[in-house]
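In what follows, a single structure is set out as structure tokens and then discussed.
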Amino acid sequence: VLARAPGLDADALQTAVARFGSLDALLAADAANLRATGIRPAAARALTAPDALQIDRDLRAVEQFALELLPAHESIYPAKLREIADAPAVLFVRGAQAALAMPQLAIVGSRNPTANGRETARDFAHRLAQLGLGITSGLAVGIDAAAHEGALLAGGTTIAVCATGLDLTYPPHHTALAERIAA
């Protein structure tokens, strides 16, 4: 329901949960009280009258893809992400949520790197993962994939931030890599 509320961002969710005392109380509130906390009218309508068929489809997808939902008011929601404008109210997580709380370094780059660039990204990620940093990247071809591979080779943690959502692996030939990251 939270993820389907248009314009509901992390800041608005946190404010509303603090005002109502709990997520359950927020979800039981009427539209006028929701709007009084600063929630936009479209989001208030979606929260008070959710599309039951869409929510049912969403819940089936959550189960099918072994996803966990992480609302922004939860302590494990990444603090730095919460600071950006329009941060998502809910993250869909596959794998260990605890990885989000560890120190991380993002390695992203060209989708068409040189062989040396790919090797350098993999080596940096490998060494940094050995030192205890989580490696965050985007699962894309090139530098991103090399960074994920380096962290995995070190037995470290890597996080793939997927713009497509977790129900679709892009590029498709990274499905095995995505599975290894989730595991």
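Ordering of the structure tokens sets the chain letters (A, B, ...), residue numbers begin anew at 1 in every chain, and ligands are numbered from 1 in the order given.
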
Which residues of segment 84-166 of chain A come within 12 Å of segment 61-64 of chain A, and what is each one's closest atom pair and distance in Å (one decimal), counting only C-alpha atoms, sorted by chain and residue number, as a Markdown table?
```
| residue | atom | partner | partner_atom | distance |
| --- | --- | --- | --- | --- |
| A:Leu91 | CA | A:Val62 | CA | 11.8 |
| A:Phe92 | CA | A:Val62 | CA | 8.4 |
| A:Val93 | CA | A:Val62 | CA | 9.6 |
| A:Arg94 | CA | A:Val62 | CA | 9.5 |
| A:Gly165 | CA | A:Ala61 | CA | 11.1 |
| A:Leu166 | CA | A:Val62 | CA | 9.2 |
```

**Request:** Write down as an MDAnalysis selection string the residues of segment 72-149 of chain A whose backbone DSSP state falls under strand (DSSP E).
**Result:** chainID A and resid 90:93 104:106 134:137

Write to file, as a tab-separated table (two decimals), in the first residue's frame, the residues of the selection just made, with N, CA, C and O atoms.
```tsv
chain	number	residue	atom	x	y	z
A	90	VAL	N	9.50	3.14	0.45
A	90	VAL	CA	9.68	1.71	0.67
A	90	VAL	C	10.76	1.19	-0.27
A	90	VAL	O	10.78	1.54	-1.45
A	91	LEU	N	11.65	0.37	0.26
A	91	LEU	CA	12.61	-0.35	-0.58
A	91	LEU	C	12.16	-1.79	-0.68
A	91	LEU	O	11.66	-2.37	0.29
A	92	PHE	N	12.36	-2.38	-1.84
A	92	PHE	CA	12.13	-3.80	-2.04
A	92	PHE	C	13.51	-4.44	-1.99
A	92	PHE	O	14.38	-4.09	-2.77
A	93	VAL	N	13.69	-5.35	-1.05
A	93	VAL	CA	15.00	-5.94	-0.79
A	93	VAL	C	14.95	-7.43	-1.04
A	93	VAL	O	14.02	-8.11	-0.60
A	104	GLN	N	29.74	1.03	3.08
A	104	GLN	CA	29.71	0.67	1.66
A	104	GLN	C	30.51	1.65	0.82
A	104	GLN	O	30.68	2.81	1.19
A	105	LEU	N	30.94	1.15	-0.31
A	105	LEU	CA	31.56	1.99	-1.32
A	105	LEU	C	30.89	1.65	-2.64
A	105	LEU	O	30.75	0.47	-2.99
A	106	ALA	N	30.47	2.66	-3.36
A	106	ALA	CA	29.86	2.43	-4.67
A	106	ALA	C	30.94	2.45	-5.74
A	106	ALA	O	31.81	3.33	-5.75
A	134	GLY	N	31.14	-3.12	2.08
A	134	GLY	CA	30.19	-3.64	1.12
A	134	GLY	C	30.38	-2.89	-0.18
A	134	GLY	O	30.67	-1.69	-0.18
A	135	ILE	N	30.26	-3.57	-1.28
A	135	ILE	CA	30.43	-2.94	-2.59
A	135	ILE	C	29.05	-2.78	-3.21
A	135	ILE	O	28.31	-3.76	-3.38
A	136	THR	N	28.71	-1.56	-3.56
A	136	THR	CA	27.40	-1.26	-4.14
A	136	THR	C	27.59	-0.85	-5.58
A	136	THR	O	28.47	-0.05	-5.91
A	137	SER	N	26.76	-1.41	-6.45
A	137	SER	CA	26.80	-1.05	-7.85
A	137	SER	C	25.43	-1.33	-8.46
A	137	SER	O	24.48	-1.61	-7.72
```

**Fill in**
One residue among A:His73, A:Ile55, A:Ala44, A:Ile84 is nearest to Gly21 of chain A when using only C-alpha atoms, and that residue is A:His73

**Item:** Closest of A:Val141, A:Ala29, A:Pro88, A:Asp56 to Ala12 of chain A - atom-to-atom distances counting only C-alpha atoms
**Value:**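 Counting only C-alpha atoms, the residue closest to Ala12 of chain A is A:Pro88.
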
**Request:** Tell me which protein, DNA and RNA residues are within 12 Å of Thr164 of chain A, counting only C-alpha atoms, leaving out same-chain ones fewer than 3 positions away, and put them as a PyMOL selection string.
**Result:** chain A and resi 92+138-140+160-161+167-172

Write a file of the just-selected residues containing N, CA and C atoms, as an mmCIF file, in the first residue's frame.
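This is the output file result-v1.cif:
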```cif
data_model
loop_
_atom_site.group_PDB
_atom_site.id
_atom_site.type_symbol
_atom_site.label_atom_id
_atom_site.label_comp_id
_atom_site.auth_asym_id
_atom_site.auth_seq_id
_atom_site.Cartn_x
_atom_site.Cartn_y
_atom_site.Cartn_z
ATOM 1 N N PHE A 92 12.358 -2.377 -1.844
ATOM 2 C CA PHE A 92 12.130 -3.797 -2.039
ATOM 3 C C PHE A 92 13.506 -4.435 -1.991
ATOM 4 N N GLY A 138 25.346 -1.287 -9.781
ATOM 5 C CA GLY A 138 24.041 -1.332 -10.427
ATOM 6 C C GLY A 138 23.722 -2.552 -11.260
ATOM 7 N N LEU A 139 24.526 -3.587 -11.225
ATOM 8 C CA LEU A 139 24.297 -4.836 -11.951
ATOM 9 C C LEU A 139 24.427 -4.670 -13.468
ATOM 10 N N ALA A 140 24.847 -3.498 -13.918
ATOM 11 C CA ALA A 140 24.973 -3.258 -15.359
ATOM 12 C C ALA A 140 26.180 -4.000 -15.923
ATOM 13 N N ALA A 160 23.298 -4.820 -5.213
ATOM 14 C CA ALA A 160 22.927 -4.363 -6.551
ATOM 15 C C ALA A 160 21.697 -3.469 -6.428
ATOM 16 N N VAL A 161 21.829 -2.231 -6.843
ATOM 17 C CA VAL A 161 20.712 -1.291 -6.876
ATOM 18 C C VAL A 161 20.124 -1.389 -8.273
ATOM 19 N N ASP A 167 11.802 -7.699 -9.984
ATOM 20 C CA ASP A 167 11.081 -8.734 -10.710
ATOM 21 C C ASP A 167 11.656 -8.939 -12.110
ATOM 22 N N LEU A 168 12.639 -8.140 -12.471
ATOM 23 C CA LEU A 168 13.240 -8.209 -13.802
ATOM 24 C C LEU A 168 14.740 -8.015 -13.653
ATOM 25 N N THR A 169 15.519 -8.953 -14.165
ATOM 26 C CA THR A 169 16.968 -8.795 -14.142
ATOM 27 C C THR A 169 17.398 -8.212 -15.473
ATOM 28 N N TYR A 170 18.111 -7.083 -15.381
ATOM 29 C CA TYR A 170 18.628 -6.466 -16.596
ATOM 30 C C TYR A 170 20.085 -6.130 -16.378
ATOM 31 N N PRO A 171 20.925 -6.542 -17.291
ATOM 32 C CA PRO A 171 20.614 -7.331 -18.479
ATOM 33 C C PRO A 171 20.296 -8.780 -18.105
ATOM 34 N N PRO A 172 19.471 -9.438 -18.925
ATOM 35 C CA PRO A 172 19.035 -10.799 -18.594
ATOM 36 C C PRO A 172 20.182 -11.785 -18.358
#
```

**Asked** Which is closer to Asp30 of chain A than all the others in A:His126, A:Thr48, A:Ala43, A:Ala176, using only C-alpha atoms?
**Response**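 Checking each candidate against Asp30 of chain A, we get A:Thr48 as the closest.
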
**Message:** List as a list in words the protein and nucleic acid residues near segment 150-159 of chain A, meaning an atom at most 8 Å away when only C-alpha atoms are counted, but skip any in the same chain fewer than 6 places from it.
**Reply:**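 Returned residues: Ala99, Leu100, Ala121, Arg122, Asp123, Phe124, Ala125, His126, Arg127, Leu128, Ala129, Gln130, Gly132, Leu133, Gly134, Ile135, Thr136, Ser137, Arg180 and Ile181 of chain A.
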
**Item:** From A:Arg4, A:Arg118, A:Lys80, A:Arg35, residue lying nearest Glu149 of chain A [only C-alpha atoms]
**Value:**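 Of all the options, A:Arg118 lies closest to Glu149 of chain A.
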
**Message:** Just checking: using only C-alpha atoms, which residue out of A:Leu2, A:Ala146, A:Cys162, A:Asp86 ends up closest to Ala115 of chain A?
**Reply:** A:Ala146
